[in-house]
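Colleague: Next comes structure.cif, mmCIF, C-alpha atoms:
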```cif
data_coords
loop_
_atom_site.group_PDB
_atom_site.id
_atom_site.type_symbol
_atom_site.label_atom_id
_atom_site.label_comp_id
_atom_site.auth_asym_id
_atom_site.auth_seq_id
_atom_site.Cartn_x
_atom_site.Cartn_y
_atom_site.Cartn_z
ATOM 1 C CA MET O 1 10.521 6.130 2.584
ATOM 2 C CA ASN O 2 9.969 2.392 3.038
ATOM 3 C CA ILE O 3 6.661 1.218 1.574
ATOM 4 C CA LYS O 4 5.375 -2.318 2.065
ATOM 5 C CA ILE O 5 2.281 -3.859 0.552
ATOM 6 C CA ILE O 6 1.327 -6.914 2.573
ATOM 7 C CA ALA O 7 -1.364 -9.068 0.996
ATOM 8 C CA ASN O 8 -3.200 -12.066 2.378
ATOM 9 C CA ILE O 9 -2.809 -14.152 -0.758
ATOM 10 C CA THR O 10 -1.306 -17.476 -1.671
ATOM 11 C CA LYS O 11 -0.429 -16.717 -5.277
ATOM 12 C CA LEU O 12 -0.756 -13.700 -7.552
ATOM 13 C CA ASN O 13 -2.174 -14.001 -11.030
ATOM 14 C CA THR O 14 0.350 -13.381 -13.806
ATOM 15 C CA ALA O 15 -0.979 -9.962 -14.831
ATOM 16 C CA SER O 16 -1.006 -8.569 -11.284
ATOM 17 C CA ASP O 17 2.434 -10.015 -10.557
ATOM 18 C CA GLY O 18 3.834 -8.314 -13.663
ATOM 19 C CA ALA O 19 2.210 -4.988 -12.783
ATOM 20 C CA ILE O 20 3.487 -5.033 -9.192
ATOM 21 C CA LYS O 21 7.019 -5.828 -10.369
ATOM 22 C CA GLU O 22 6.890 -3.071 -13.002
ATOM 23 C CA TYR O 23 5.649 -0.423 -10.579
ATOM 24 C CA GLY O 24 8.104 -1.660 -7.953
ATOM 25 C CA LYS O 25 10.908 -1.064 -10.446
ATOM 26 C CA ARG O 26 9.580 2.421 -11.253
ATOM 27 C CA LEU O 27 9.181 3.247 -7.548
ATOM 28 C CA SER O 28 12.799 2.331 -6.810
ATOM 29 C CA ARG O 29 13.873 5.855 -7.802
ATOM 30 C CA TYR O 30 11.568 7.363 -5.152
ATOM 31 C CA CYS O 31 11.454 4.929 -2.237
ATOM 32 C CA LYS O 32 12.109 1.408 -1.015
ATOM 33 C CA PHE O 33 9.178 -0.705 -2.176
ATOM 34 C CA HIS O 34 8.380 -4.266 -1.113
ATOM 35 C CA PHE O 35 5.501 -6.580 -1.853
ATOM 36 C CA TYR O 36 4.918 -9.403 0.614
ATOM 37 C CA PRO O 37 2.324 -12.075 -0.161
ATOM 38 C CA CYS O 38 1.326 -13.937 3.014
ATOM 39 C CA LYS O 39 -0.187 -17.405 2.966
ATOM 40 C CA LYS O 40 -1.237 -17.099 6.607
ATOM 41 C CA GLU O 41 -2.523 -13.928 8.229
ATOM 42 C CA LYS O 42 -0.063 -14.177 11.118
ATOM 43 C CA ASP O 43 2.839 -14.047 8.599
ATOM 44 C CA ALA O 44 1.994 -10.368 8.025
ATOM 45 C CA LEU O 45 3.222 -9.486 11.507
ATOM 46 C CA LYS O 46 6.864 -10.220 10.651
ATOM 47 C CA HIS O 47 6.793 -7.409 8.054
ATOM 48 C CA LEU O 48 5.501 -4.819 10.526
ATOM 49 C CA SER O 49 7.262 -3.068 13.369
ATOM 50 C CA SER O 50 6.065 -0.754 16.095
ATOM 51 C CA SER O 51 7.177 2.193 13.923
ATOM 52 C CA THR O 52 5.135 1.123 10.875
ATOM 53 C CA THR O 53 2.272 3.412 9.924
ATOM 54 C CA ILE O 54 -0.465 1.009 8.886
ATOM 55 C CA PHE O 55 -3.075 1.474 6.199
ATOM 56 C CA ILE O 56 -5.878 -1.041 5.816
ATOM 57 C CA VAL O 57 -7.083 -1.103 2.220
ATOM 58 C CA THR O 58 -10.804 -1.881 1.968
ATOM 59 C CA PRO O 59 -13.632 -1.165 -0.476
ATOM 60 C CA SER O 60 -15.966 1.680 0.457
ATOM 61 C CA LYS O 61 -18.056 4.387 -1.147
ATOM 62 C CA GLU O 62 -15.620 7.096 -0.023
ATOM 63 C CA THR O 63 -12.587 6.563 -2.233
ATOM 64 C CA LEU O 64 -9.193 8.225 -2.062
ATOM 65 C CA SER O 65 -8.116 10.177 -5.162
ATOM 66 C CA SER O 66 -4.596 10.010 -6.597
ATOM 67 C CA GLU O 67 -3.988 13.578 -5.445
ATOM 68 C CA GLU O 68 -5.198 12.783 -1.909
ATOM 69 C CA LEU O 69 -2.892 9.760 -1.728
ATOM 70 C CA ALA O 70 0.025 11.885 -2.958
ATOM 71 C CA LYS O 71 -0.693 14.490 -0.270
ATOM 72 C CA LYS O 72 -0.932 11.775 2.399
ATOM 73 C CA LEU O 73 2.439 10.279 1.338
ATOM 74 C CA GLU O 74 4.043 13.714 1.266
ATOM 75 C CA THR O 75 2.686 14.688 4.697
ATOM 76 C CA LEU O 76 3.848 11.419 6.256
ATOM 77 C CA GLY O 77 7.314 11.870 4.759
ATOM 78 C CA LEU O 78 7.566 15.421 6.088
ATOM 79 C CA THR O 79 6.519 14.348 9.578
ATOM 80 C CA GLY O 80 9.130 11.591 9.742
ATOM 81 C CA LYS O 81 6.775 8.642 9.314
ATOM 82 C CA SER O 82 8.743 6.811 6.679
ATOM 83 C CA ASP O 83 7.813 3.156 7.291
ATOM 84 C CA LEU O 84 4.407 2.503 5.712
ATOM 85 C CA GLY O 85 2.532 -0.792 5.580
ATOM 86 C CA PHE O 86 -0.537 -1.305 3.388
ATOM 87 C CA LEU O 87 -2.587 -4.375 4.388
ATOM 88 C CA ILE O 88 -4.831 -6.014 1.793
ATOM 89 C CA GLY O 89 -7.225 -8.937 2.092
ATOM 90 C CA PHE O 90 -7.076 -9.599 5.831
ATOM 91 C CA SER O 91 -10.084 -10.524 7.945
ATOM 92 C CA GLU O 92 -11.589 -8.000 10.348
ATOM 93 C CA GLU O 93 -10.925 -10.424 13.198
ATOM 94 C CA PHE O 94 -7.204 -10.513 12.377
ATOM 95 C CA LEU O 95 -6.975 -6.743 11.922
ATOM 96 C CA ASN O 96 -8.715 -6.056 15.220
ATOM 97 C CA SER O 97 -6.391 -8.471 17.028
ATOM 98 C CA PHE O 98 -3.265 -6.350 16.555
ATOM 99 C CA VAL O 99 -4.580 -2.801 16.123
ATOM 100 C CA ASP O 100 -4.007 -1.968 19.800
ATOM 101 C CA ALA O 101 -0.372 -3.131 19.616
ATOM 102 C CA TYR O 102 0.602 -0.347 17.186
ATOM 103 C CA GLU O 103 0.942 3.211 18.421
ATOM 104 C CA ASN O 104 1.254 4.728 14.965
ATOM 105 C CA THR O 105 -1.506 5.681 12.612
ATOM 106 C CA ILE O 106 -3.854 2.958 11.547
ATOM 107 C CA GLU O 107 -6.103 4.257 8.837
ATOM 108 C CA ARG O 108 -8.528 2.713 6.404
ATOM 109 C CA ILE O 109 -8.180 3.808 2.795
ATOM 110 C CA THR O 110 -10.236 2.934 -0.258
ATOM 111 C CA LEU O 111 -9.051 2.794 -3.845
ATOM 112 C CA SER O 112 -12.383 1.725 -5.310
ATOM 113 C CA SER O 113 -15.942 1.140 -4.236
ATOM 114 C CA LEU O 114 -15.753 -2.122 -6.188
ATOM 115 C CA GLN O 115 -14.855 -5.384 -4.452
ATOM 116 C CA LEU O 116 -11.559 -6.175 -6.223
ATOM 117 C CA SER O 117 -9.539 -9.346 -5.806
ATOM 118 C CA THR O 118 -6.576 -9.114 -3.454
ATOM 119 C CA SER O 119 -4.101 -9.452 -6.308
ATOM 120 C CA LEU O 120 -5.794 -6.750 -8.400
ATOM 121 C CA THR O 121 -5.991 -4.441 -5.374
ATOM 122 C CA ALA O 122 -2.230 -4.896 -4.828
ATOM 123 C CA ALA O 123 -1.532 -4.038 -8.481
ATOM 124 C CA VAL O 124 -3.789 -0.956 -8.405
ATOM 125 C CA LEU O 125 -2.260 0.198 -5.109
ATOM 126 C CA SER O 126 1.277 -0.172 -6.532
ATOM 127 C CA GLU O 127 0.256 1.947 -9.518
ATOM 128 C CA GLN O 128 -1.401 4.578 -7.321
ATOM 129 C CA ILE O 129 1.644 4.888 -5.061
ATOM 130 C CA TYR O 130 3.802 5.414 -8.157
ATOM 131 C CA ARG O 131 1.302 7.935 -9.481
ATOM 132 C CA GLY O 132 1.358 9.686 -6.092
ATOM 133 C CA TYR O 133 5.113 10.157 -6.286
ATOM 134 C CA ARG O 134 4.818 11.550 -9.811
ATOM 135 C CA ILE O 135 2.182 14.027 -8.601
ATOM 136 C CA MET O 136 4.311 15.064 -5.597
ATOM 137 C CA ARG O 137 7.241 15.811 -7.862
ATOM 138 C CA LYS O 138 5.076 17.508 -10.479
ATOM 139 C CA GLU O 139 6.292 15.031 -13.090
ATOM 140 C CA PRO O 140 4.053 13.925 -15.943
ATOM 141 C CA TYR O 141 2.382 10.597 -15.323
ATOM 142 C CA HIS O 142 1.823 9.508 -18.912
ATOM 143 C CA LYS O 143 4.771 9.273 -21.232
#
```
Take the structure in the file and write it out as structure tokens.

Modeller:
Amino acid sequence: MNIKIIANITKLNTASDGAIKEYGKRLSRYCKFHFYPCKKEKDALKHLSSSTTIFIVTPSKETLSSEELAKKLETLGLTGKSDLGFLIGFSEEFLNSFVDAYENTIERITLSSLQLSTSLTAAVLSEQIYRGYRIMRKEPYHK
């Protein structure tokens, strides 16, 4: 599976950058993982293809549990949808401008009902994807 987190951010804070790198390293045994910070919204498009299944990460009251994310990743993998793109911090106007161009799933997911910064959302999402793989493989999460 090829997982991309694409964030509309100029620069990550040090803590989030460290967390994303750490979880990226841990994820390397399960999938290909990439984090792409984009200074301009249109730069996100070069990391997406027509085969990318897109997830828009937004705050909402209906959050996704770790187990639900694991099930979603597993189901996508089993159905052959192996190129996943998670978009964070993009304007509604930008998101609406390209939604029709992609035939694959475009789904909104929520990690928290709190309004988190883009860099913190990217770090939390990296951790949750890693946790999802651990759940799928029935491996302990905490060492």

Colleague: Applied to the shown file, which residues does the PyMOL selection byres ((chain O and resi 62-75) around 7) return, written as a PyMOL selection string?

Modeller: chain O and resi 60-61+76-79+109-113+128+131-133+135-136

Colleague: Using C-alpha atoms, can you export the residues from the last selection as a tab-separated table (two decimals), in the frame of the given file?

Modeller:
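File produced: selection_7.tsv:
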```
chain	number	residue	atom	x	y	z
O	60	SER	CA	-15.97	1.68	0.46
O	61	LYS	CA	-18.06	4.39	-1.15
O	76	LEU	CA	3.85	11.42	6.26
O	77	GLY	CA	7.31	11.87	4.76
O	78	LEU	CA	7.57	15.42	6.09
O	79	THR	CA	6.52	14.35	9.58
O	109	ILE	CA	-8.18	3.81	2.80
O	110	THR	CA	-10.24	2.93	-0.26
O	111	LEU	CA	-9.05	2.79	-3.84
O	112	SER	CA	-12.38	1.72	-5.31
O	113	SER	CA	-15.94	1.14	-4.24
O	128	GLN	CA	-1.40	4.58	-7.32
O	131	ARG	CA	1.30	7.94	-9.48
O	132	GLY	CA	1.36	9.69	-6.09
O	133	TYR	CA	5.11	10.16	-6.29
O	135	ILE	CA	2.18	14.03	-8.60
O	136	MET	CA	4.31	15.06	-5.60
```

Colleague: Counting all atoms listed in the file, which residues come within 12 Å of (6.6, -5.0, -6.6), with the point read in the file's coordinates, and could you list them as an MDAnalysis selection string?

Modeller: chainID O and resid 3:7 12 16:28 31:37 119 122:127 129:130

Colleague: State, in Å with one decimal place, the distance from CA of Glu107 (chain O) to CA of Val57 (chain O).

Modeller: 8.6 Å

Colleague: To one decimal place, how far is CA of Leu45 (chain O) from CA of Arg29 (chain O) in Å?

Modeller: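 Spanning CA of Leu45 (chain O) to CA of Arg29 (chain O) is a straight-line distance of 26.9 Å.
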
Colleague: Mind working out the centre and edge lengths of an axis-aligned box for region 116-134 of chain O, all listed atoms inside, 6 Å added to each side, rounded to one decimal in Å and written as JSON?

Modeller:
```
{"center_x": -3.2, "center_y": 1.0, "center_z": -6.6, "size_x": 28.7, "size_y": 33.0, "size_z": 18.4}
```

Colleague: Which distance in Å separates CA of Gly89 (chain O) and CA of Ile9 (chain O), to one decimal?

Modeller: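 These two atoms are separated by 7.4 Å.
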
Colleague: List, as a PyMOL selection string, every residue that the PyMOL selection byres ((chain O and resi 55) around 8) selects in the file provided.

Modeller: chain O and resi 53-54+56-57+84-87+105-109

Colleague: Counting all atoms listed in the file, which residue out of O:Asn13, O:Ser49, O:Lys40, O:Ser97 sits closest to Thr118 (chain O)?

Modeller: O:Asn13
